[in-house]
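As stored in coords-v3.txt (compact mmCIF, C-alpha atoms):
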```txt
# COMPACT_ATOMS: atom_id res chain seq x y z
CA MET A 25 103.22 141.79 32.38
CA ARG A 26 104.77 142.15 35.79
CA VAL A 27 102.80 144.94 37.48
CA VAL A 28 103.97 146.57 40.72
CA VAL A 29 101.03 147.98 42.72
CA LEU A 30 101.86 150.64 45.31
CA GLY A 31 99.41 150.80 48.22
CA ALA A 32 97.31 148.13 49.93
CA GLY A 33 94.16 150.02 50.83
CA VAL A 34 90.89 148.96 49.26
CA ILE A 35 91.93 150.55 45.94
CA GLY A 36 95.31 148.84 45.79
CA VAL A 37 94.07 145.42 46.91
CA THR A 38 91.14 145.33 44.48
CA SER A 39 93.47 146.50 41.71
CA ALA A 40 95.95 143.74 42.54
CA TRP A 41 93.14 141.17 42.47
CA TYR A 42 91.74 142.25 39.11
CA LEU A 43 95.20 142.48 37.55
CA ALA A 44 96.09 138.98 38.76
CA GLU A 45 92.79 137.57 37.51
CA ALA A 46 93.60 139.09 34.12
CA GLY A 47 96.80 137.03 34.04
CA HIS A 48 99.40 139.56 35.11
CA GLU A 49 102.24 138.86 37.56
CA VAL A 50 101.54 141.22 40.45
CA VAL A 51 103.65 142.59 43.32
CA LEU A 52 101.77 144.54 46.03
CA LEU A 53 103.71 146.95 48.28
CA ASP A 54 102.61 148.79 51.41
CA ARG A 55 104.39 150.34 54.39
CA GLN A 56 101.79 149.06 56.86
CA PRO A 57 101.96 145.53 58.39
CA GLY A 58 98.67 144.58 56.70
CA PRO A 59 95.99 145.77 54.29
CA ALA A 60 93.46 148.59 54.78
CA LEU A 61 95.06 150.12 57.86
CA GLU A 62 94.76 153.78 56.87
CA THR A 63 91.91 155.51 55.00
CA SER A 64 90.14 152.18 54.30
CA PHE A 65 90.15 151.16 57.96
CA ALA A 66 86.99 152.70 59.44
CA ASN A 67 85.18 154.68 56.76
CA ALA A 68 81.43 155.31 56.86
CA GLY A 69 80.60 151.87 55.44
CA GLU A 70 78.34 153.09 52.64
CA ILE A 71 78.42 151.75 49.09
CA SER A 72 76.35 154.47 47.48
CA PRO A 73 76.40 154.65 43.67
CA GLY A 74 73.23 156.74 43.55
CA TYR A 75 74.63 159.21 46.07
CA ALA A 76 77.94 159.58 44.21
CA SER A 77 78.04 163.38 44.10
CA PRO A 78 80.86 165.91 43.78
CA TRP A 79 81.71 168.02 46.80
CA ALA A 80 82.23 170.82 44.29
CA ALA A 81 78.66 171.95 43.62
CA PRO A 82 76.71 175.15 42.96
CA GLY A 83 76.16 177.06 46.18
CA ILE A 84 78.99 175.32 48.04
CA PRO A 85 81.10 178.49 48.49
CA VAL A 86 78.21 180.21 50.29
CA LYS A 87 77.35 177.08 52.28
CA ALA A 88 80.98 176.63 53.24
CA MET A 89 81.12 180.05 54.85
CA ARG A 90 78.02 179.21 56.88
CA TRP A 91 79.29 175.75 57.82
CA LEU A 92 82.47 177.18 59.28
CA PHE A 93 80.44 178.83 62.04
CA MET A 94 78.11 175.91 62.85
CA LYS A 95 78.45 174.16 66.18
CA HIS A 96 78.51 170.75 64.50
CA ALA A 97 80.21 171.91 61.32
CA PRO A 98 80.45 169.53 58.36
CA LEU A 99 83.44 171.55 57.11
CA ILE A 100 86.47 172.46 59.20
CA LEU A 101 89.25 174.64 57.79
CA ARG A 102 92.56 174.95 59.62
CA PRO A 103 94.25 178.03 58.11
CA ARG A 104 97.92 177.39 57.40
CA PHE A 105 100.55 178.35 54.87
CA ASP A 106 100.07 175.52 52.45
CA PRO A 107 100.31 176.34 48.72
CA ALA A 108 98.99 172.87 47.82
CA MET A 109 95.85 173.53 49.87
CA MET A 110 95.33 176.93 48.29
CA ARG A 111 95.73 175.55 44.76
CA TRP A 112 93.33 172.72 45.53
CA ILE A 113 90.68 175.04 47.00
CA ALA A 114 90.95 177.39 44.01
CA ALA A 115 90.55 174.48 41.57
CA MET A 116 87.63 173.09 43.58
CA LEU A 117 85.84 176.45 43.49
CA ARG A 118 86.20 176.53 39.69
CA ASN A 119 84.19 173.29 39.62
CA CYS A 120 81.30 174.76 41.61
CA THR A 121 79.21 175.52 38.54
CA ALA A 122 76.03 173.80 37.43
CA SER A 123 77.57 172.51 34.20
CA ARG A 124 80.71 171.08 35.81
CA TYR A 125 78.70 169.59 38.67
CA ALA A 126 76.40 167.79 36.22
CA LEU A 127 79.36 166.51 34.17
CA ASN A 128 81.32 165.31 37.22
CA LYS A 129 78.29 163.67 38.81
CA SER A 130 77.45 161.85 35.58
CA ARG A 131 80.97 160.45 35.45
CA MET A 132 80.87 159.39 39.09
CA VAL A 133 77.44 157.74 38.88
CA SER A 134 78.42 155.82 35.75
CA LEU A 135 81.54 154.36 37.38
CA ALA A 136 79.79 153.83 40.72
CA GLU A 137 76.90 151.87 39.23
CA TYR A 138 79.34 149.64 37.37
CA SER A 139 81.45 149.28 40.52
CA ARG A 140 78.48 148.15 42.62
CA ASP A 141 77.68 145.43 40.06
CA GLU A 142 81.32 144.31 40.04
CA LEU A 143 81.34 144.16 43.85
CA VAL A 144 78.23 141.98 43.93
CA ALA A 145 79.71 139.63 41.33
CA LEU A 146 83.03 139.43 43.19
CA ARG A 147 81.29 138.82 46.53
CA ASN A 148 79.24 135.98 45.08
CA ARG A 149 82.19 134.47 43.22
CA LEU A 150 84.48 134.40 46.26
CA ASP A 151 81.81 134.04 48.99
CA LEU A 152 83.04 137.13 50.84
CA HIS A 153 81.43 138.21 54.11
CA TYR A 154 81.97 141.70 55.49
CA ASP A 155 78.77 142.68 57.34
CA HIS A 156 77.27 143.69 54.02
CA GLY A 157 73.67 144.73 53.52
CA SER A 158 71.58 145.58 50.46
CA ARG A 159 68.83 147.80 51.85
CA GLY A 160 69.65 151.10 50.19
CA THR A 161 70.64 154.61 51.28
CA LEU A 162 68.32 157.27 52.70
CA GLN A 163 69.44 160.88 52.28
CA LEU A 164 67.56 162.71 55.02
CA PHE A 165 66.54 166.34 54.59
CA ARG A 166 65.97 168.50 57.65
CA THR A 167 64.76 171.53 55.62
CA HIS A 168 62.52 172.11 52.60
CA LYS A 169 65.40 173.98 50.97
CA GLN A 170 67.40 170.74 50.96
CA VAL A 171 64.45 168.95 49.36
CA ASP A 172 64.31 171.55 46.59
CA ALA A 173 68.08 171.38 46.03
CA SER A 174 67.89 167.60 45.44
CA ALA A 175 66.02 168.13 42.14
CA GLY A 176 69.29 168.32 40.21
CA ASP A 177 70.49 165.02 41.64
CA VAL A 178 67.16 163.40 40.81
CA ALA A 179 67.54 164.53 37.19
CA VAL A 180 70.92 162.79 36.92
CA LEU A 181 69.52 159.64 38.52
CA GLN A 182 66.68 159.64 35.99
CA SER A 183 69.07 160.07 33.07
CA TYR A 184 71.07 157.01 34.15
CA GLY A 185 68.06 154.91 35.07
CA VAL A 186 69.07 154.70 38.74
CA PRO A 187 66.09 153.68 40.93
CA TYR A 188 65.11 156.28 43.53
CA GLU A 189 62.25 157.24 45.81
CA VAL A 190 61.32 160.76 46.94
CA LEU A 191 59.83 160.32 50.43
CA ASP A 192 57.80 162.37 52.87
CA PRO A 193 58.43 161.92 56.62
CA ASP A 194 56.15 158.87 56.81
CA GLY A 195 58.00 157.32 53.87
CA CYS A 196 61.34 157.96 55.59
CA ILE A 197 60.10 156.20 58.71
CA GLY A 198 58.85 153.35 56.55
CA ALA A 199 62.37 152.91 55.19
CA GLU A 200 64.07 153.47 58.56
CA PRO A 201 61.61 152.67 61.40
CA GLY A 202 64.09 153.90 64.00
CA LEU A 203 63.40 157.47 62.84
CA ALA A 204 59.95 157.39 64.40
CA ALA A 205 61.34 158.87 67.62
CA SER A 206 62.77 161.88 65.76
CA ARG A 207 59.95 162.59 63.32
CA ASP A 208 60.03 166.33 64.03
CA ARG A 209 63.69 166.58 62.97
CA PHE A 210 63.21 166.11 59.20
CA VAL A 211 60.86 166.97 56.34
CA GLY A 212 61.63 164.32 53.75
CA GLY A 213 64.24 162.22 52.06
CA LEU A 214 65.65 160.73 48.88
CA ARG A 215 66.08 156.95 48.99
CA LEU A 216 68.37 154.97 46.70
CA PRO A 217 67.19 151.34 47.06
CA GLY A 218 70.06 149.91 45.00
CA ASP A 219 72.80 151.08 47.38
CA GLU A 220 74.62 148.74 49.77
CA THR A 221 76.56 148.82 53.02
CA GLY A 222 79.59 146.96 54.32
CA ASP A 223 82.77 147.04 56.36
CA CYS A 224 85.53 148.12 53.97
CA HIS A 225 88.31 146.88 56.27
CA LEU A 226 86.79 143.40 56.52
CA PHE A 227 86.25 143.24 52.76
CA THR A 228 89.79 144.34 51.94
CA ASN A 229 91.32 141.86 54.38
CA GLN A 230 89.24 138.98 53.02
CA LEU A 231 90.18 139.82 49.45
CA ALA A 232 93.83 140.34 50.39
CA SER A 233 93.93 136.87 51.98
CA ARG A 234 92.87 135.41 48.60
CA LEU A 235 95.68 137.12 46.68
CA VAL A 236 98.01 134.21 47.36
CA THR A 237 95.68 131.95 45.35
CA GLU A 238 96.33 134.24 42.37
CA ASN A 239 100.11 134.10 43.00
CA VAL A 240 100.31 137.76 43.98
CA GLU A 241 103.53 138.62 45.80
CA VAL A 242 102.52 140.72 48.82
CA ARG A 243 105.14 142.76 50.63
CA TYR A 244 103.73 144.48 53.71
CA GLY A 245 106.00 146.50 56.01
CA THR A 246 107.78 147.89 52.96
CA ARG A 247 108.29 151.64 52.90
CA ILE A 248 108.00 153.15 49.42
CA ASP A 249 110.65 155.86 49.13
CA ALA A 250 110.62 156.92 45.46
CA VAL A 251 109.91 155.94 41.88
CA ASP A 252 112.90 156.11 39.55
CA ARG A 253 112.06 157.74 36.23
CA VAL A 254 114.41 157.28 33.30
CA GLY A 255 113.20 159.20 30.27
CA ASP A 256 109.59 158.26 29.59
CA ILE A 257 109.51 155.11 31.73
CA ILE A 258 109.72 154.12 35.38
CA ALA A 259 112.75 151.88 35.88
CA GLY A 260 111.93 150.78 39.42
CA VAL A 261 110.57 151.61 42.86
CA ARG A 262 112.98 152.37 45.66
CA THR A 263 111.95 150.92 49.03
CA ASP A 264 113.62 150.41 52.37
CA LYS A 265 114.02 146.74 51.33
CA GLY A 266 115.64 147.47 47.97
CA ILE A 267 114.62 148.17 44.38
CA VAL A 268 111.42 146.59 43.04
CA GLN A 269 111.08 146.38 39.28
CA GLY A 270 108.28 145.56 36.88
CA ASP A 271 106.97 146.19 33.40
CA ALA A 272 104.23 148.53 34.65
CA TYR A 273 103.62 150.45 37.86
CA LEU A 274 100.25 151.30 39.40
CA VAL A 275 100.17 153.97 42.10
CA ALA A 276 97.28 153.59 44.56
CA THR A 277 98.75 155.48 47.50
CA GLY A 278 95.84 157.85 48.09
CA SER A 279 96.71 161.20 49.62
CA TYR A 280 100.44 160.41 49.49
CA THR A 281 100.47 160.14 45.68
CA PRO A 282 101.44 163.79 44.93
CA ALA A 283 104.55 163.73 47.14
CA LEU A 284 105.62 160.36 45.73
CA LEU A 285 105.32 161.37 42.08
CA ALA A 286 106.37 165.04 42.16
CA PRO A 287 110.11 164.20 41.98
CA ALA A 288 109.34 162.18 38.84
CA GLY A 289 107.71 165.24 37.25
CA ILE A 290 104.11 164.07 37.62
CA ARG A 291 101.72 166.57 39.21
CA VAL A 292 98.71 164.89 40.81
CA PRO A 293 96.01 167.31 42.08
CA VAL A 294 95.03 165.30 45.14
CA TYR A 295 94.75 166.78 48.64
CA PRO A 296 94.02 165.03 51.96
CA VAL A 297 90.55 165.85 53.28
CA LYS A 298 90.28 164.47 56.77
CA GLY A 299 87.19 162.55 57.85
CA TYR A 300 86.17 161.06 61.19
CA SER A 301 84.17 158.08 62.41
CA ILE A 302 83.01 156.33 65.54
CA THR A 303 81.86 152.72 65.83
CA LEU A 304 79.47 151.71 68.61
CA PRO A 305 77.70 148.49 69.57
CA ILE A 306 73.94 148.48 69.07
CA ALA A 307 71.96 148.78 72.30
CA ASN A 308 68.44 148.47 70.90
CA PRO A 309 68.06 146.88 67.42
CA GLU A 310 64.43 148.07 67.21
CA VAL A 311 65.43 151.74 67.06
CA ALA A 312 68.76 151.33 65.25
CA PRO A 313 69.24 152.10 61.54
CA THR A 314 68.68 149.20 59.16
CA SER A 315 71.03 150.47 56.44
CA THR A 316 72.76 153.80 55.68
CA LEU A 317 71.26 157.19 56.46
CA LEU A 318 72.90 160.39 55.27
CA ASP A 319 72.21 163.40 57.49
CA GLU A 320 72.28 166.13 54.83
CA SER A 321 72.62 169.02 57.30
CA TYR A 322 75.78 167.70 58.94
CA LYS A 323 77.10 165.60 56.03
CA ILE A 324 77.28 162.59 58.32
CA ALA A 325 76.53 158.96 57.41
CA ILE A 326 75.00 156.57 59.94
CA THR A 327 75.40 152.94 58.90
CA ARG A 328 74.35 149.58 60.29
CA LEU A 329 77.22 147.07 60.17
CA GLY A 330 75.93 143.85 61.69
CA ASP A 331 75.66 144.45 65.43
CA ARG A 332 77.50 147.78 65.21
CA ILE A 333 76.72 151.33 64.11
CA ARG A 334 79.34 153.26 62.17
CA VAL A 335 78.95 157.05 62.15
CA GLY A 336 81.26 158.89 59.79
CA GLY A 337 81.67 162.16 57.99
CA MET A 338 82.84 165.77 58.05
CA ALA A 339 85.53 167.32 55.90
CA GLU A 340 88.55 168.92 57.49
CA LEU A 341 91.24 170.72 55.51
CA SER A 342 94.28 170.60 57.75
CA GLY A 343 96.99 168.82 55.78
CA PHE A 344 98.47 165.54 57.01
CA ASN A 345 97.03 165.83 60.49
CA ALA A 346 96.20 162.79 62.62
CA VAL A 347 94.92 164.63 65.73
CA LEU A 348 91.54 163.47 67.10
CA PRO A 349 89.75 166.55 68.55
CA PRO A 350 86.99 165.61 71.03
CA ALA A 351 84.65 168.13 69.37
CA ARG A 352 84.54 166.00 66.21
CA GLU A 353 83.42 162.95 68.19
CA ILE A 354 80.74 165.05 69.88
CA SER A 355 79.40 166.06 66.44
CA LEU A 356 79.20 162.44 65.30
CA ARG A 357 77.41 161.39 68.47
CA HIS A 358 75.02 164.35 68.14
CA SER A 359 73.82 163.28 64.69
CA LEU A 360 73.35 159.67 65.79
CA ASN A 361 71.55 160.46 69.05
CA ASP A 362 69.43 163.19 67.48
CA LEU A 363 68.02 160.85 64.83
CA PHE A 364 68.26 157.43 66.51
CA PRO A 365 68.03 158.05 70.27
CA GLY A 366 68.81 154.97 72.32
CA ALA A 367 70.13 152.98 69.34
CA ALA A 368 73.75 152.74 70.47
CA THR A 369 75.57 151.89 73.65
CA ASN A 370 77.03 155.32 74.29
CA GLU A 371 78.98 154.17 77.34
CA ALA A 372 81.07 151.80 75.22
CA PRO A 373 84.39 152.88 73.68
CA SER A 374 83.60 154.64 70.41
CA ASN A 375 86.75 153.57 68.51
CA PHE A 376 87.10 157.22 67.48
CA TRP A 377 89.11 157.32 64.25
CA SER A 378 90.20 159.63 61.44
CA GLY A 379 91.38 159.03 57.89
CA LEU A 380 92.78 161.17 55.10
CA ARG A 381 90.52 161.01 52.05
CA PRO A 382 92.42 161.63 48.79
CA MET A 383 90.28 164.29 47.09
CA THR A 384 90.57 165.79 43.62
CA PRO A 385 89.22 169.30 42.98
CA ASP A 386 86.29 167.93 40.95
CA SER A 387 85.72 164.93 43.29
CA THR A 388 86.22 162.52 40.36
CA PRO A 389 89.01 159.95 40.80
CA ILE A 390 92.10 159.72 38.63
CA VAL A 391 92.16 156.31 36.98
CA GLY A 392 94.35 155.78 33.95
CA SER A 393 97.68 156.38 32.27
CA THR A 394 100.19 159.20 32.78
CA PRO A 395 102.75 160.95 30.55
CA VAL A 396 105.17 158.24 31.70
CA ARG A 397 104.19 155.30 29.50
CA ASN A 398 104.45 152.48 32.06
CA LEU A 399 103.07 154.46 35.00
CA PHE A 400 99.36 154.29 35.86
CA LEU A 401 97.21 155.89 38.56
CA ASN A 402 94.23 154.71 40.62
CA THR A 403 93.81 157.42 43.23
CA GLY A 404 91.80 160.48 44.27
CA HIS A 405 88.54 158.71 45.16
CA GLY A 406 87.79 161.01 48.09
CA THR A 407 84.78 159.87 50.10
CA LEU A 408 83.89 157.20 47.51
CA GLY A 409 86.85 154.83 47.59
CA TRP A 410 84.74 151.98 48.96
CA THR A 411 81.95 152.71 46.50
CA LEU A 412 84.23 152.95 43.46
CA ALA A 413 86.89 150.37 44.34
CA CYS A 414 85.86 147.39 42.22
CA GLY A 415 84.84 149.50 39.23
CA SER A 416 88.11 151.47 39.33
CA ALA A 417 90.12 148.26 39.66
CA SER A 418 88.37 146.75 36.65
CA LEU A 419 88.82 149.94 34.62
CA ILE A 420 92.54 150.27 35.31
CA THR A 421 93.08 146.57 34.62
CA HIS A 422 91.47 146.93 31.21
CA LEU A 423 93.60 150.00 30.44
CA ILE A 424 96.87 148.36 31.56
CA SER A 425 95.97 145.24 29.58
CA GLY A 426 95.20 147.24 26.44
CA GLN A 427 91.58 146.08 26.39
CA LYS A 428 88.39 148.00 25.69
CA PRO A 429 87.42 149.70 28.99
CA PRO A 430 84.07 148.84 30.61
CA VAL A 431 83.17 152.53 31.10
CA GLU A 432 84.20 155.68 29.25
CA PRO A 433 87.73 156.36 30.63
CA ASP A 434 88.44 159.90 29.41
CA GLY A 435 86.68 161.62 32.33
CA PHE A 436 89.01 159.87 34.81
CA ASN A 437 92.33 160.49 33.08
CA ILE A 438 94.81 162.90 34.63
CA LYS A 439 94.94 164.73 31.29
CA ARG A 440 91.75 166.58 32.26
CA TYR A 441 93.92 168.73 34.53
CA SER A 442 96.47 169.63 31.85
```
Produce structure tokens that represent the structure in this file.
Amino acid sequence: MRVVVLGAGVIGVTSAWYLAEAGHEVVLLDRQPGPALETSFANAGEISPGYASPWAAPGIPVKAMRWLFMKHAPLILRPRFDPAMMRWIAAMLRNCTASRYALNKSRMVSLAEYSRDELVALRNRLDLHYDHGSRGTLQLFRTHKQVDASAGDVAVLQSYGVPYEVLDPDGCIGAEPGLAASRDRFVGGLRLPGDETGDCHLFTNQLASRLVTENVEVRYGTRIDAVDRVGDIIAGVRTDKGIVQGDAYLVATGSYTPALLAPAGIRVPVYPVKGYSITLPIANPEVAPTSTLLDESYKIAITRLGDRIRVGGMAELSGFNAVLPPAREISLRHSLNDLFPGAATNEAPSNFWSGLRPMTPDSTPIVGSTPVRNLFLNTGHGTLGWTLACGSASLITHLISGQKPPVEPDGFNIKRYS
């Protein structure tokens, strides 16, 4: 088939690659002048299947109220008249039960584990280099209450056979020697040794550069204006360069998916949740992180990317807002300097950045078909786009091709919201 892929972030590019490898004729469209220039540009750098957890969890409503008043708050809410935000928050709160959390996490871990294996295979097959590392993720707990709360996650990891280590402070320092200087800041941790790290922007650009070898037609600098629905099919995509037509259409436009598809009668429950990052050169490798550390109190990830440190996190509900408040950068620097003092060159430009994560109310992505028979979705990955990219691309390729999917697809279909 001729498949038109909308969006050239990590989700769109990996989808285009897998579709082309499966023998389809692929056209890739994006408004930006190149790949991975929006949400995929400077994310936290973690590839964390074992840490794939829904934001919607038991106790989150109470925690959220407390977070709003923290100095370095992991959650920022900008009150505004936005019906889409209100609907999304209400739906998210309905998922904050133990049963729904366990179901959503099991779906996410299953796809994430498969995705990590696909990424490794793709990296080896194409000899891709993107500052990747394979030294695991350490979720760091500053309180004993956080340690106790991790028991539910450990149970899911056990059920899926995901390797993990429950560590005391000495064990945390053994995994991340740079924590020795901040030993009094934490009480334990949960380590996922199978997790990886890497620069999503570098990966996406390297893979995008190989698309020509698969005869993918790439059209950057092409604004996507609308999809034209005629009955139960999409007849074409309207762009500022004309109509683009295909046999099937895959929408991978992240947070912009709802606005694009609403005129075609497709409601997609995705809302932009803004995240921030800074990227600093390493000043002292001996006290710098070796892999990814997740600061559970502030919901911030600190990741080693070659000779750089990427610090990313926080969740801000403020619509399509690209403002970079200095207070958010201060919070990122606080987490880094509190746990790894002296690791980064703080005088250097921080490359302060923000991106709009496309979040669903249950934190599980939407990967699959729609009521329009030639329209497919690969969107809503939230904070896990980099982690789930290859697995989602493989899954949607199997579904478009009419093949048996590699993981159970029902939990990712948009029908779960009907």
(request) Go through A:Gly160, A:Gly299, A:Gly58, A:Gly343 one by one, measure the shortest atom-to-atom distance of each to Arg215 in chain A using only C-alpha atoms, and give the residue with the smallest value. (result) A:Gly160
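The smallest atom-to-atom distance between Ala339 in chain A and any of A:Gly270, A:Pro365, A:Pro382, A:Pro98, using all atoms listed in the file, is found for A:Pro98.
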So which residues touch Leu99 in chain A within 12 Å, counting all atoms listed in the file, skipping near sequence neighbours fewer than 3 positions away, as a PDB file with C-alpha atoms, in the coordinates of the input?
```pdb
ATOM      1  CA  TRP A  79      81.710 168.020  46.800  1.00  0.00           C
ATOM      2  CA  ILE A  84      78.990 175.320  48.040  1.00  0.00           C
ATOM      3  CA  PRO A  85      81.100 178.490  48.490  1.00  0.00           C
ATOM      4  CA  LYS A  87      77.350 177.080  52.280  1.00  0.00           C
ATOM      5  CA  ALA A  88      80.980 176.630  53.240  1.00  0.00           C
ATOM      6  CA  MET A  89      81.120 180.050  54.850  1.00  0.00           C
ATOM      7  CA  ARG A  90      78.020 179.210  56.880  1.00  0.00           C
ATOM      8  CA  TRP A  91      79.290 175.750  57.820  1.00  0.00           C
ATOM      9  CA  LEU A  92      82.470 177.180  59.280  1.00  0.00           C
ATOM     10  CA  PHE A  93      80.440 178.830  62.040  1.00  0.00           C
ATOM     11  CA  MET A  94      78.110 175.910  62.850  1.00  0.00           C
ATOM     12  CA  LYS A  95      78.450 174.160  66.180  1.00  0.00           C
ATOM     13  CA  HIS A  96      78.510 170.750  64.500  1.00  0.00           C
ATOM     14  CA  ARG A 102      92.560 174.950  59.620  1.00  0.00           C
ATOM     15  CA  VAL A 297      90.550 165.850  53.280  1.00  0.00           C
ATOM     16  CA  LYS A 298      90.280 164.470  56.770  1.00  0.00           C
ATOM     17  CA  GLY A 299      87.190 162.550  57.850  1.00  0.00           C
ATOM     18  CA  TYR A 300      86.170 161.060  61.190  1.00  0.00           C
ATOM     19  CA  SER A 321      72.620 169.020  57.300  1.00  0.00           C
ATOM     20  CA  TYR A 322      75.780 167.700  58.940  1.00  0.00           C
ATOM     21  CA  LYS A 323      77.100 165.600  56.030  1.00  0.00           C
ATOM     22  CA  ILE A 324      77.280 162.590  58.320  1.00  0.00           C
ATOM     23  CA  GLY A 337      81.670 162.160  57.990  1.00  0.00           C
ATOM     24  CA  MET A 338      82.840 165.770  58.050  1.00  0.00           C
ATOM     25  CA  ALA A 339      85.530 167.320  55.900  1.00  0.00           C
ATOM     26  CA  GLU A 340      88.550 168.920  57.490  1.00  0.00           C
ATOM     27  CA  LEU A 341      91.240 170.720  55.510  1.00  0.00           C
ATOM     28  CA  SER A 342      94.280 170.600  57.750  1.00  0.00           C
ATOM     29  CA  ARG A 352      84.540 166.000  66.210  1.00  0.00           C
ATOM     30  CA  SER A 355      79.400 166.060  66.440  1.00  0.00           C
TER      31      SER A 355
END
```
(message) Need to verify the contact set: range 222-225 of chain A, 6 Å, all atoms listed in the file, exclusion of same-chain residues closer than 2 positions in sequence. Can you return it as number ranges by chain?
(response) A: 60, 64-65, 69, 154-156, 227-228
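If you count only C-alpha atoms and ignore residues fewer than 6 places along the chain from Arg209 in chain A, what sits within 12 Å of it is Leu164, Phe165, Arg166, Thr167, His168, Pro193, Cys196, Ile197, Leu203, Asp319, Glu320, Ser321, Ser359, Asn361, Asp362, Leu363 and Phe364 of chain A.
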(message) Considering all atoms listed in the file, can you say which of A:Val86, A:Ala81, A:Ile333, A:Leu274 comes closest to Ala307 in chain A?
(response) A:Ile333
(request) Please measure the separation of CA of Trp41 in chain A and CA of Arg234 in chain A, giving the value in Å to one decimal. (result)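 Going from CA of Trp41 in chain A over to CA of Arg234 in chain A, I get 8.4 Å.
Candidate residues A:Arg397, A:Lys129, A:Arg243, A:Arg357 were compared for distance to Ser77 in chain A, and the nearest is A:Lys129, using all atoms listed in the file.
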(request) Could you give me, as a list in words, the residues within 6 Å of range 108-117 of chain A, counting only C-alpha atoms and dropping anything in the same chain fewer than 6 positions from it? (result) Ala80, Pro385 and Asp386 of chain A
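Between CA of Ile100 in chain A and CA of Ile390 in chain A the interatomic distance comes to 24.8 Å.
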(message) Let me make sure I understand: among A:Ser183, A:Leu143, A:Pro78, A:Thr403, which one has the smallest atom-to-atom distance to Thr121 in chain A if we use all atoms listed in the file?
(response)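 Going through A:Ser183, A:Leu143, A:Pro78, A:Thr403 one by one, the smallest distance to Thr121 in chain A is for A:Pro78.
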(message) Given all atoms listed in the file as the basis, pick out the residue of A:Gly409, A:Pro349, A:Gly426, A:Pro305 nearest to Gly392 in chain A.
(response)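 Of A:Gly409, A:Pro349, A:Gly426, A:Pro305, the one nearest Gly392 in chain A is A:Gly426, counting all atoms listed in the file.
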(message) If I take CA of Gly33 in chain A and CA of Ala276 in chain A, how far is one from the other in Å, to one decimal?
(response) 7.9 Å
Tell me, as an mmCIF file with C-alpha atoms, in the coordinates of the input, which residues lie within 8 Å of Ala367 in chain A, counting only C-alpha atoms; anything in the same chain fewer than 3 positions away does not count.
```cif
data_model
loop_
_atom_site.group_PDB
_atom_site.id
_atom_site.type_symbol
_atom_site.label_atom_id
_atom_site.label_comp_id
_atom_site.auth_asym_id
_atom_site.auth_seq_id
_atom_site.Cartn_x
_atom_site.Cartn_y
_atom_site.Cartn_z
ATOM 1 C CA ILE A 306 73.940 148.480 69.070
ATOM 2 C CA ALA A 307 71.960 148.780 72.300
ATOM 3 C CA ASN A 308 68.440 148.470 70.900
ATOM 4 C CA PRO A 309 68.060 146.880 67.420
ATOM 5 C CA GLU A 310 64.430 148.070 67.210
ATOM 6 C CA VAL A 311 65.430 151.740 67.060
ATOM 7 C CA ALA A 312 68.760 151.330 65.250
ATOM 8 C CA PRO A 313 69.240 152.100 61.540
ATOM 9 C CA ASN A 361 71.550 160.460 69.050
ATOM 10 C CA PHE A 364 68.260 157.430 66.510
#
```
(request) May I have the protein, DNA and RNA residues with an atom at most 7 Å from (89.0, 147.1, 46.4), counting all atoms listed in the file in the file's coordinates, returned as an NGL selection string? (result) :A and (34-39 or 228 or 410 or 413-414 or 417)
(message) Please list, as a PyMOL selection string, the residues that have an atom at most 10 Å away from (72.3, 150.3, 42.3) in the coordinates of this file, counting all atoms listed in the file.
(response) chain A and resi 71-75+133+136-141+158+160+185-188+216-220
